[in-house]
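Below: protein10.cif (mmCIF, C-alpha atoms)
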```
data_coords
loop_
_atom_site.label_atom_id
_atom_site.label_comp_id
_atom_site.auth_asym_id
_atom_site.auth_seq_id
_atom_site.Cartn_x
_atom_site.Cartn_y
_atom_site.Cartn_z
CA MET A 1 6.56 -3.99 -34.61
CA SER A 2 8.28 -0.64 -33.97
CA ILE A 3 10.94 -0.26 -31.29
CA LEU A 4 8.54 1.85 -29.20
CA HIS A 5 5.90 -0.90 -29.21
CA LYS A 6 8.56 -3.44 -28.29
CA ALA A 7 9.77 -1.21 -25.45
CA LYS A 8 6.22 -0.75 -24.14
CA ASP A 9 5.53 -4.50 -24.13
CA TYR A 10 8.93 -5.22 -22.57
CA VAL A 11 8.47 -2.72 -19.73
CA GLU A 12 4.88 -3.81 -19.09
CA ILE A 13 5.92 -7.46 -18.68
CA LEU A 14 8.95 -6.43 -16.61
CA PHE A 15 6.81 -4.45 -14.15
CA LYS A 16 4.13 -7.15 -14.03
CA ASP A 17 6.65 -9.90 -13.22
CA LYS A 18 9.25 -8.13 -11.08
CA LEU A 19 7.95 -4.84 -9.61
CA SER A 20 6.83 -5.02 -5.99
CA SER A 21 3.17 -4.23 -5.35
CA VAL A 22 4.17 -1.58 -2.77
CA TYR A 23 5.06 0.82 -5.60
CA PHE A 24 1.71 2.57 -5.87
CA TYR A 25 3.23 5.51 -7.77
CA HIS A 26 6.35 4.37 -9.62
CA ASN A 27 4.71 1.72 -11.79
CA PHE A 28 3.51 1.10 -15.34
CA ILE A 29 0.60 3.52 -14.96
CA HIS A 30 2.96 6.41 -14.12
CA THR A 31 5.33 5.37 -16.93
CA THR A 32 2.52 5.35 -19.50
CA TYR A 33 1.32 8.72 -18.22
CA THR A 34 4.75 10.34 -18.70
CA VAL A 35 5.07 8.88 -22.22
CA ASN A 36 1.66 10.29 -23.17
CA LYS A 37 2.62 13.69 -21.78
CA ALA A 38 5.88 13.67 -23.73
CA GLU A 39 3.94 12.94 -26.92
CA GLU A 40 1.67 15.87 -26.07
CA ILE A 41 4.65 18.22 -25.74
CA MET A 42 6.32 16.99 -28.94
CA LYS A 43 3.14 17.44 -30.98
CA ASN A 44 3.48 21.12 -30.22
CA THR A 45 7.28 21.38 -30.29
CA PRO A 46 9.56 20.95 -33.34
CA VAL A 47 11.48 17.73 -32.66
CA SER A 48 12.90 15.31 -35.25
CA LYS A 49 11.48 11.77 -35.50
CA GLU A 50 14.73 10.26 -34.22
CA ASP A 51 14.82 12.57 -31.20
CA GLN A 52 11.16 11.85 -30.48
CA GLU A 53 11.99 8.16 -30.41
CA LYS A 54 14.90 8.75 -28.02
CA VAL A 55 12.69 10.73 -25.63
CA LEU A 56 9.95 8.10 -25.58
CA LEU A 57 12.42 5.23 -25.12
CA ALA A 58 14.02 7.06 -22.20
CA LEU A 59 10.63 7.54 -20.53
CA TRP A 60 9.60 3.92 -21.04
CA PHE A 61 12.73 2.83 -19.14
CA HIS A 62 13.25 5.73 -16.71
CA ASP A 63 11.66 3.95 -13.71
CA THR A 64 12.48 0.33 -14.55
CA GLY A 65 15.27 0.43 -11.95
CA TYR A 66 12.57 0.20 -9.25
CA ILE A 67 12.36 -3.54 -9.89
CA GLU A 68 15.63 -3.75 -7.92
CA CYS A 69 15.68 -0.76 -5.58
CA ALA A 70 14.49 2.84 -5.37
CA GLN A 71 17.97 4.13 -4.62
CA ASN A 72 19.91 5.07 -7.79
CA HIS A 73 17.06 3.62 -9.84
CA GLU A 74 17.96 5.88 -12.79
CA GLU A 75 21.35 4.17 -13.19
CA LYS A 76 19.73 0.74 -12.94
CA GLY A 77 17.15 1.82 -15.51
CA VAL A 78 19.98 2.80 -17.85
CA GLU A 79 21.48 -0.70 -17.55
CA ILE A 80 18.12 -2.33 -18.36
CA MET A 81 17.64 0.00 -21.33
CA LYS A 82 21.13 -0.72 -22.68
CA ASP A 83 20.55 -4.48 -22.59
CA PHE A 84 17.29 -4.01 -24.47
CA LEU A 85 18.59 -1.67 -27.21
CA ILE A 86 21.85 -3.55 -27.75
CA LYS A 87 19.85 -6.73 -28.43
CA GLU A 88 17.88 -4.68 -30.97
CA ASN A 89 21.21 -3.78 -32.69
CA TYR A 90 21.12 -0.05 -31.92
CA PRO A 91 24.47 1.81 -32.17
CA GLN A 92 26.32 2.78 -28.99
CA THR A 93 26.00 6.51 -29.65
CA TYR A 94 22.21 6.20 -29.86
CA VAL A 95 22.12 4.13 -26.64
CA ASP A 96 24.27 6.73 -24.85
CA ASP A 97 21.89 9.52 -25.88
CA VAL A 98 18.91 7.64 -24.43
CA ALA A 99 20.90 6.89 -21.26
CA GLN A 100 21.61 10.59 -20.72
CA LEU A 101 17.89 11.37 -21.06
CA ILE A 102 17.06 8.78 -18.39
CA LEU A 103 19.63 10.33 -16.04
CA ALA A 104 18.05 13.73 -16.71
CA THR A 105 14.94 12.59 -14.80
CA LYS A 106 16.82 12.85 -11.50
CA ILE A 107 14.95 15.30 -9.28
CA THR A 108 18.00 17.53 -8.73
CA TYR A 109 19.18 17.56 -12.35
CA GLU A 110 18.99 20.80 -14.34
CA PRO A 111 18.21 20.04 -18.03
CA GLN A 112 20.77 21.26 -20.56
CA ASN A 113 18.94 20.92 -23.89
CA LEU A 114 15.46 20.66 -25.38
CA LEU A 115 15.19 16.87 -25.18
CA GLU A 116 16.19 16.85 -21.50
CA LYS A 117 13.63 19.59 -20.85
CA ILE A 118 10.90 17.51 -22.51
CA VAL A 119 11.84 14.45 -20.44
CA LYS A 120 11.97 16.50 -17.25
CA ASP A 121 8.60 18.18 -17.84
CA SER A 122 6.94 14.88 -18.77
CA ASP A 123 8.18 13.15 -15.62
CA CYS A 124 6.81 16.00 -13.47
CA SER A 125 3.64 16.56 -15.50
CA HIS A 126 1.47 15.19 -12.67
CA PHE A 127 2.09 18.47 -10.82
CA ALA A 128 -0.39 19.96 -13.30
CA SER A 129 -2.84 17.04 -13.21
CA HIS A 130 -6.49 17.35 -12.23
CA ASP A 131 -5.92 14.16 -10.19
CA TYR A 132 -2.88 15.53 -8.39
CA ASN A 133 -4.30 14.76 -4.92
CA ASP A 134 -4.82 11.07 -5.75
CA ILE A 135 -1.41 10.79 -7.42
CA SER A 136 0.22 12.50 -4.43
CA ASP A 137 -1.54 10.13 -2.02
CA ALA A 138 -0.25 7.15 -4.01
CA LEU A 139 3.32 8.42 -3.65
CA ARG A 140 2.78 9.04 0.07
CA LYS A 141 1.53 5.47 0.57
CA GLU A 142 4.48 4.12 -1.46
CA TRP A 143 6.97 5.96 0.74
CA GLU A 144 5.27 4.68 3.88
CA LEU A 145 5.34 1.06 2.68
CA THR A 146 8.95 1.28 1.49
CA ASN A 147 10.06 2.80 4.82
CA VAL A 148 11.15 6.10 3.27
CA ARG A 149 9.16 8.13 5.77
CA CYS A 150 5.70 8.50 7.29
CA PHE A 151 4.14 11.97 7.13
CA SER A 152 1.38 13.70 9.03
CA ASN A 153 -1.17 15.54 6.89
CA ASP A 154 0.44 18.89 7.75
CA GLU A 155 3.94 17.64 6.88
CA TRP A 156 2.80 16.12 3.61
CA ASN A 157 0.85 19.18 2.48
CA ALA A 158 3.66 21.52 3.46
CA GLY A 159 6.21 19.38 1.60
CA ASN A 160 4.03 19.30 -1.52
CA LEU A 161 3.57 23.07 -1.36
CA GLU A 162 7.32 23.62 -1.02
CA MET A 163 8.01 21.35 -4.01
CA LEU A 164 5.42 22.88 -6.33
CA LYS A 165 5.92 26.48 -5.29
CA ASN A 166 9.68 26.83 -4.75
CA LYS A 167 11.60 23.81 -6.04
CA HIS A 168 9.91 22.75 -9.27
CA LYS A 169 9.50 24.58 -12.54
CA PHE A 170 8.52 23.66 -16.08
CA TYR A 171 11.13 24.16 -18.82
CA THR A 172 9.50 23.76 -22.22
CA ASP A 173 7.41 26.58 -23.68
CA TYR A 174 4.42 24.26 -24.10
CA ALA A 175 4.48 23.11 -20.46
CA ILE A 176 4.93 26.65 -19.16
CA GLN A 177 1.97 27.96 -21.15
CA ASN A 178 -0.42 25.01 -20.81
CA TRP A 179 0.52 23.22 -17.59
CA GLY A 180 1.67 26.19 -15.53
CA PRO A 181 -1.88 27.49 -14.83
CA LEU A 182 -3.03 23.99 -13.79
CA LYS A 183 -0.07 23.69 -11.46
CA GLU A 184 -1.01 27.03 -9.87
CA LYS A 185 -4.51 25.68 -9.22
CA ASN A 186 -3.02 22.68 -7.42
CA ILE A 187 -0.86 25.02 -5.35
CA LYS A 188 -3.96 26.95 -4.28
CA LYS A 189 -5.72 23.71 -3.35
CA ILE A 190 -2.81 22.72 -1.11
CA GLU A 191 -2.77 26.16 0.49
CA LYS A 192 -6.48 25.81 1.25
CA LYS A 193 -5.82 22.43 2.85
CA LEU A 194 -3.18 23.94 5.11
CA GLU A 195 -5.53 26.78 6.02
CA LYS A 196 -8.22 24.28 6.96
CA GLU A 197 -5.77 22.35 9.13
CA ASP A 198 -4.79 25.58 10.88
CA GLY A 199 -8.47 26.39 11.42
CA LYS A 200 -9.02 23.00 13.01
CA LYS A 201 -6.18 23.57 15.43
CA GLU A 202 -7.67 26.86 16.56
CA GLY A 203 -10.93 25.23 17.70
CA SER A 204 -9.44 22.99 20.38
CA GLU A 205 -12.77 22.15 21.97
CA ASN A 206 -14.34 21.11 18.68
CA LYS A 207 -11.25 19.11 17.88
CA LYS A 208 -11.56 17.08 21.08
CA ASP A 209 -15.15 16.22 20.22
CA LYS A 210 -14.18 15.19 16.71
CA GLU A 211 -11.35 13.00 17.97
CA LYS A 212 -13.93 10.83 19.71
CA GLU A 213 -15.49 10.05 16.34
CA PRO A 214 -13.81 7.46 14.10
CA LYS A 215 -11.98 9.06 11.19
CA SER A 216 -11.28 7.62 7.80
CA ASP A 217 -7.63 6.74 7.19
CA ARG A 218 -6.78 8.45 3.90
CA SER A 219 -3.88 6.10 3.24
CA VAL A 220 -6.24 3.11 3.49
CA ASP A 221 -8.69 4.81 1.13
CA THR A 222 -5.85 5.39 -1.33
CA LEU A 223 -4.79 1.75 -0.98
CA PHE A 224 -8.26 0.53 -1.94
CA ARG A 225 -8.59 3.04 -4.79
CA VAL A 226 -5.21 2.30 -6.36
CA THR A 227 -5.55 -1.47 -5.93
CA LEU A 228 -9.01 -1.45 -7.48
CA ASN A 229 -7.71 0.62 -10.42
CA ASN A 230 -4.83 -1.84 -10.91
CA HIS A 231 -7.25 -4.82 -10.82
CA THR A 232 -9.53 -3.14 -13.34
CA ARG A 233 -6.63 -2.32 -15.63
CA LEU A 234 -5.31 -5.91 -15.49
CA SER A 235 -8.79 -7.12 -16.41
CA ASP A 236 -8.85 -4.75 -19.41
CA ILE A 237 -5.42 -6.00 -20.52
CA ALA A 238 -6.60 -9.63 -20.34
CA ASP A 239 -9.73 -8.81 -22.35
CA SER A 240 -7.76 -6.95 -25.02
CA LYS A 241 -5.30 -9.84 -25.41
CA ALA A 242 -8.19 -12.31 -25.70
CA ASN A 243 -9.85 -10.09 -28.32
CA ILE A 244 -6.63 -10.03 -30.36
CA LEU A 245 -6.51 -13.84 -30.35
CA LEU A 246 -10.20 -14.00 -31.29
CA SER A 247 -9.67 -11.66 -34.25
CA VAL A 248 -6.51 -13.39 -35.51
CA ASN A 249 -7.99 -16.90 -35.37
CA ALA A 250 -11.29 -15.78 -36.87
CA ILE A 251 -9.29 -14.46 -39.85
CA ILE A 252 -7.34 -17.74 -40.06
CA ILE A 253 -10.57 -19.78 -40.09
CA SER A 254 -12.17 -17.48 -42.67
CA VAL A 255 -9.17 -17.75 -45.00
CA CYS A 256 -9.00 -21.53 -44.58
CA LEU A 257 -12.71 -22.03 -45.26
CA SER A 258 -12.80 -19.72 -48.26
CA VAL A 259 -9.45 -20.52 -49.91
CA LEU A 260 -7.92 -23.75 -48.60
CA VAL A 261 -10.80 -26.12 -47.79
CA PRO A 262 -12.55 -25.92 -51.22
CA LYS A 263 -9.34 -27.18 -52.85
CA LEU A 264 -8.96 -30.23 -50.60
CA ASP A 265 -11.41 -32.39 -52.58
CA ALA A 266 -8.93 -32.53 -55.44
CA PRO A 267 -6.78 -35.73 -55.30
CA LYS A 268 -3.60 -33.74 -55.87
CA ASN A 269 -4.23 -31.82 -52.63
CA SER A 270 -5.01 -34.80 -50.40
CA HIS A 271 -1.69 -34.38 -48.60
CA LEU A 272 -2.94 -31.04 -47.23
CA VAL A 273 -6.01 -32.48 -45.45
CA ILE A 274 -4.35 -33.29 -42.13
CA PRO A 275 -2.31 -30.01 -41.86
CA SER A 276 -5.46 -28.04 -42.68
CA PHE A 277 -7.47 -29.94 -40.07
CA VAL A 278 -4.77 -29.29 -37.46
CA LEU A 279 -4.73 -25.57 -38.28
CA LEU A 280 -8.51 -25.26 -38.11
CA LEU A 281 -8.74 -27.31 -34.91
CA SER A 282 -6.12 -25.19 -33.13
CA SER A 283 -7.85 -21.99 -34.23
CA VAL A 284 -11.25 -23.24 -33.03
CA LEU A 285 -9.80 -24.31 -29.66
CA THR A 286 -8.04 -20.96 -29.31
CA ILE A 287 -11.30 -19.10 -29.98
CA ILE A 288 -13.18 -21.27 -27.47
CA PHE A 289 -10.70 -20.59 -24.66
CA ALA A 290 -10.45 -16.90 -25.58
CA ILE A 291 -14.24 -16.65 -25.30
CA LEU A 292 -14.17 -18.48 -21.95
CA SER A 293 -11.55 -16.05 -20.61
CA THR A 294 -13.69 -13.03 -21.51
CA LYS A 295 -17.05 -14.60 -20.64
CA PRO A 296 -18.70 -12.73 -17.74
CA ASN A 297 -18.98 -14.84 -14.60
CA VAL A 298 -21.38 -13.00 -12.30
CA THR A 299 -22.01 -14.73 -9.00
CA LYS A 300 -25.41 -14.18 -7.44
CA ALA A 301 -25.97 -14.77 -3.77
CA ARG A 302 -29.27 -15.50 -2.08
CA PHE A 303 -29.81 -13.77 1.22
CA THR A 304 -32.48 -12.45 3.54
CA LEU A 305 -33.05 -9.06 5.11
CA GLN A 306 -31.65 -10.55 8.29
CA ASP A 307 -28.38 -11.28 6.44
CA VAL A 308 -28.29 -7.62 5.42
CA ALA A 309 -28.89 -6.56 9.01
CA ASP A 310 -26.14 -8.92 10.20
CA ARG A 311 -23.82 -7.40 7.54
CA LYS A 312 -23.12 -10.66 5.77
CA VAL A 313 -23.89 -9.20 2.34
CA ASN A 314 -21.59 -7.17 0.08
CA LEU A 315 -23.82 -4.30 -1.02
CA LEU A 316 -21.12 -2.90 -3.33
CA PHE A 317 -21.52 -5.75 -5.87
CA PHE A 318 -24.48 -5.49 -8.25
CA GLY A 319 -24.90 -9.28 -8.35
CA ASN A 320 -25.97 -9.14 -4.71
CA PHE A 321 -28.33 -6.19 -4.64
CA ASN A 322 -29.98 -6.31 -8.09
CA SER A 323 -32.94 -8.33 -6.77
CA MET A 324 -33.51 -6.09 -3.72
CA LEU A 325 -36.32 -3.58 -3.51
CA PHE A 326 -35.10 -0.01 -3.70
CA ASP A 327 -36.30 0.90 -0.19
CA ASP A 328 -34.50 -2.10 1.32
CA TYR A 329 -31.32 -1.29 -0.59
CA HIS A 330 -31.54 2.39 0.34
CA ASN A 331 -31.87 1.62 4.04
CA ALA A 332 -29.07 -0.95 3.90
CA MET A 333 -26.74 1.53 2.19
CA LYS A 334 -27.49 4.11 4.88
CA ASP A 335 -26.29 1.62 7.49
CA LEU A 336 -23.23 0.83 5.40
CA ILE A 337 -22.25 4.49 5.06
CA LYS A 338 -22.43 5.01 8.81
CA ASP A 339 -20.14 2.08 9.63
CA ARG A 340 -16.52 2.44 8.48
CA ASP A 341 -15.62 -1.18 9.32
CA TYR A 342 -18.59 -2.42 7.28
CA ILE A 343 -17.40 -0.30 4.33
CA TYR A 344 -13.88 -1.69 4.51
CA ASP A 345 -15.16 -5.27 4.87
CA SER A 346 -17.31 -4.81 1.77
CA MET A 347 -14.37 -3.35 -0.20
CA VAL A 348 -12.11 -6.21 0.88
CA LYS A 349 -14.71 -8.73 -0.34
CA ASP A 350 -15.04 -6.81 -3.60
CA LEU A 351 -11.27 -6.85 -4.19
CA TYR A 352 -10.99 -10.52 -3.22
CA TYR A 353 -13.63 -11.75 -5.65
CA LEU A 354 -12.34 -9.44 -8.38
CA GLY A 355 -8.94 -11.05 -7.82
CA LYS A 356 -10.51 -14.52 -8.18
CA VAL A 357 -12.03 -13.45 -11.51
CA LEU A 358 -8.63 -12.12 -12.65
CA ASP A 359 -6.95 -15.39 -11.66
CA ARG A 360 -9.46 -17.35 -13.76
CA LYS A 361 -9.03 -14.96 -16.71
CA TYR A 362 -5.25 -15.16 -16.77
CA LYS A 363 -5.20 -18.95 -16.34
CA LEU A 364 -7.54 -19.38 -19.31
CA LEU A 365 -5.60 -16.76 -21.28
CA SER A 366 -2.35 -18.63 -20.61
CA ILE A 367 -3.93 -21.87 -21.88
CA THR A 368 -5.23 -19.98 -24.94
CA TYR A 369 -1.78 -18.70 -25.85
CA LYS A 370 -0.27 -22.17 -25.40
CA ILE A 371 -2.92 -23.72 -27.68
CA PHE A 372 -2.40 -21.00 -30.29
CA MET A 373 1.39 -21.34 -30.20
CA ALA A 374 1.31 -25.13 -30.30
CA GLY A 375 -1.29 -25.12 -33.09
CA ILE A 376 0.72 -22.74 -35.26
CA ILE A 377 3.95 -24.72 -34.75
CA ILE A 378 2.32 -28.12 -35.42
CA SER A 379 0.45 -26.75 -38.45
CA VAL A 380 3.58 -25.29 -40.02
CA LEU A 381 5.50 -28.51 -39.40
CA SER A 382 2.61 -30.53 -40.84
CA PHE A 383 2.44 -28.42 -43.99
CA GLY A 384 6.22 -28.65 -44.34
CA TYR A 385 6.15 -32.45 -43.96
CA ALA A 386 3.25 -32.74 -46.40
CA PHE A 387 5.10 -30.82 -49.11
CA LEU A 388 8.42 -32.62 -48.51
CA SER A 389 6.75 -36.06 -48.67
CA LEU A 390 5.38 -35.47 -52.19
#
```
Final structure tokens representation of the file:
Amino acid sequence: MSILHKAKDYVEILFKDKLSSVYFYHNFIHTTYTVNKAEEIMKNTPVSKEDQEKVLLALWFHDTGYIECAQNHEEKGVEIMKDFLIKENYPQTYVDDVAQLILATKITYEPQNLLEKIVKDSDCSHFASHDYNDISDALRKEWELTNVRCFSNDEWNAGNLEMLKNKHKFYTDYAIQNWGPLKEKNIKKIEKKLEKEDGKKEGSENKKDKEKEPKSDRSVDTLFRVTLNNHTRLSDIADSKANILLSVNAIIISVCLSVLVPKLDAPKNSHLVIPSFVLLLSSVLTIIFAILSTKPNVTKARFTLQDVADRKVNLLFFGNFNSMLFDDYHNAMKDLIKDRDYIYDSMVKDLYYLGKVLDRKYKLLSITYKIFMAGIIISVLSFGYAFLSL
């Protein structure tokens, strides 16, 4: 496994185990995004293989300091990175170079060389993202939950406009040419938002009428959206890990059945029967539990039209509405759309039951890994004992 794959796995586990859930922006998703953007820049910029590795390592670790505190998180990220690379026997000069690249991600730092420019542009690449509004809302919610500051819509939009228009700039030629125009589009979108807010203020009478109507809380919407994305991503990770175990153990069983088992009928190989049985049994059990962890578990509820009218049914889950007639579902969805509390209740139920599915997946996946690990260890020891006892 390359050092970059090791770093990715290390940071992913670190964030999963130790990062607070209030960090809607500074998390593994943002870290992966910056790494991908750095790779995009370096595909179009002449950079040596060693320097590419330094840049990517710095970006994998640049926000790991958030597991302790947001303040001075770059310095804490440097400490975590040093512990990791020193254990991998990397020289001190190499470690110091990566540390300097992590420190270059500070918002006020002016990059001094090409590698620092690449790191800086990658960390701020979301300014040119098509999803900038959603990413910005995630950061806003994070700051609110971590008591940094709460912003009104006007304050937030004005602050974003000031950052994109006057404080930030891209440094690499690739980012300037390819991301600059996208950033300008985001600037125009923010300016339009501010213009709309100003227009609302001018119509004071209309504003009073609108204030009587319930408004959607954008921060709550962002909370649901980000949390649902995180749940979905965790589910994908669990499925991919289960698929890896399925593939590995299927190969083990195939090799055993085609190469090892046919030779066991010979008297000279009788000492290999028990180790082979243990290996095959552990592989079969691992496959069974891996299949159970990925097996769909769709719950179907029975309900009446009165239950729909009383809002006891979650219309957002297909297992509930798949047996409804279209006209009934259409009318029920119309009622749902008109009632904000009903929408939020349905989303809460959706997240809750998705969380229950995730809990089941990860419990089964944990058992699967334990069976696989124990089976491999016992099999190796059994083969070793069988050969030594000859």
Check: Could you spell out the hits of the PyMOL selection byres ((chain A and resi 242) around 8) on the shown file, as a ChimeraX atom specification?
Finding: /A:238-241,243-246,290-291,293-294,365
Store the residues picked out above in a file with C-alpha atoms, as a short mmCIF file (atom, residue, chain, number, x, y, z; two decimals), keeping the file's coordinate frame.
```
data_model
loop_
_atom_site.label_atom_id
_atom_site.label_comp_id
_atom_site.auth_asym_id
_atom_site.auth_seq_id
_atom_site.Cartn_x
_atom_site.Cartn_y
_atom_site.Cartn_z
CA ALA A 238 -6.60 -9.63 -20.34
CA ASP A 239 -9.73 -8.81 -22.35
CA SER A 240 -7.76 -6.95 -25.02
CA LYS A 241 -5.30 -9.84 -25.41
CA ASN A 243 -9.85 -10.09 -28.32
CA ILE A 244 -6.63 -10.03 -30.36
CA LEU A 245 -6.51 -13.84 -30.35
CA LEU A 246 -10.20 -14.00 -31.29
CA ALA A 290 -10.45 -16.90 -25.58
CA ILE A 291 -14.24 -16.65 -25.30
CA SER A 293 -11.55 -16.05 -20.61
CA THR A 294 -13.69 -13.03 -21.51
CA LEU A 365 -5.60 -16.76 -21.28
#
```
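Atom CA of Val11 of chain A lies 25.2 Å from atom CA of Ile371 of chain A.
One distance worth recording is that between atom CA of Leu4 of chain A and atom CA of Leu57 of chain A, which is 6.6 Å.
Going from atom CA of Lys183 of chain A over to atom CA of Asp123 of chain A, you cover 14.0 Å.
This file gives the following result for the PyMOL selection byres ((chain A and resi 100) around 10): Ala58, Glu74, Glu75, Val78, Val95, Asp96, Asp97, Val98, Ala99, Leu101, Ile102, Leu103, Ala104, Thr105 and Glu116 of chain A.
Of the listed residues A:Leu161, A:Ile343, A:Ile378, A:Ala70, the one whose atoms come nearest to Ile190 of chain A is A:Leu161, with distances taken using only C-alpha atoms.
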Notebook entry, point to check: Got a sec to check which residues sit within 10 Å of (14.0, 6.4, -10.4), counting only C-alpha atoms, and write them as a ChimeraX atom specification?
Noted result: /A:26,61-66,69-77,102-103,105-107
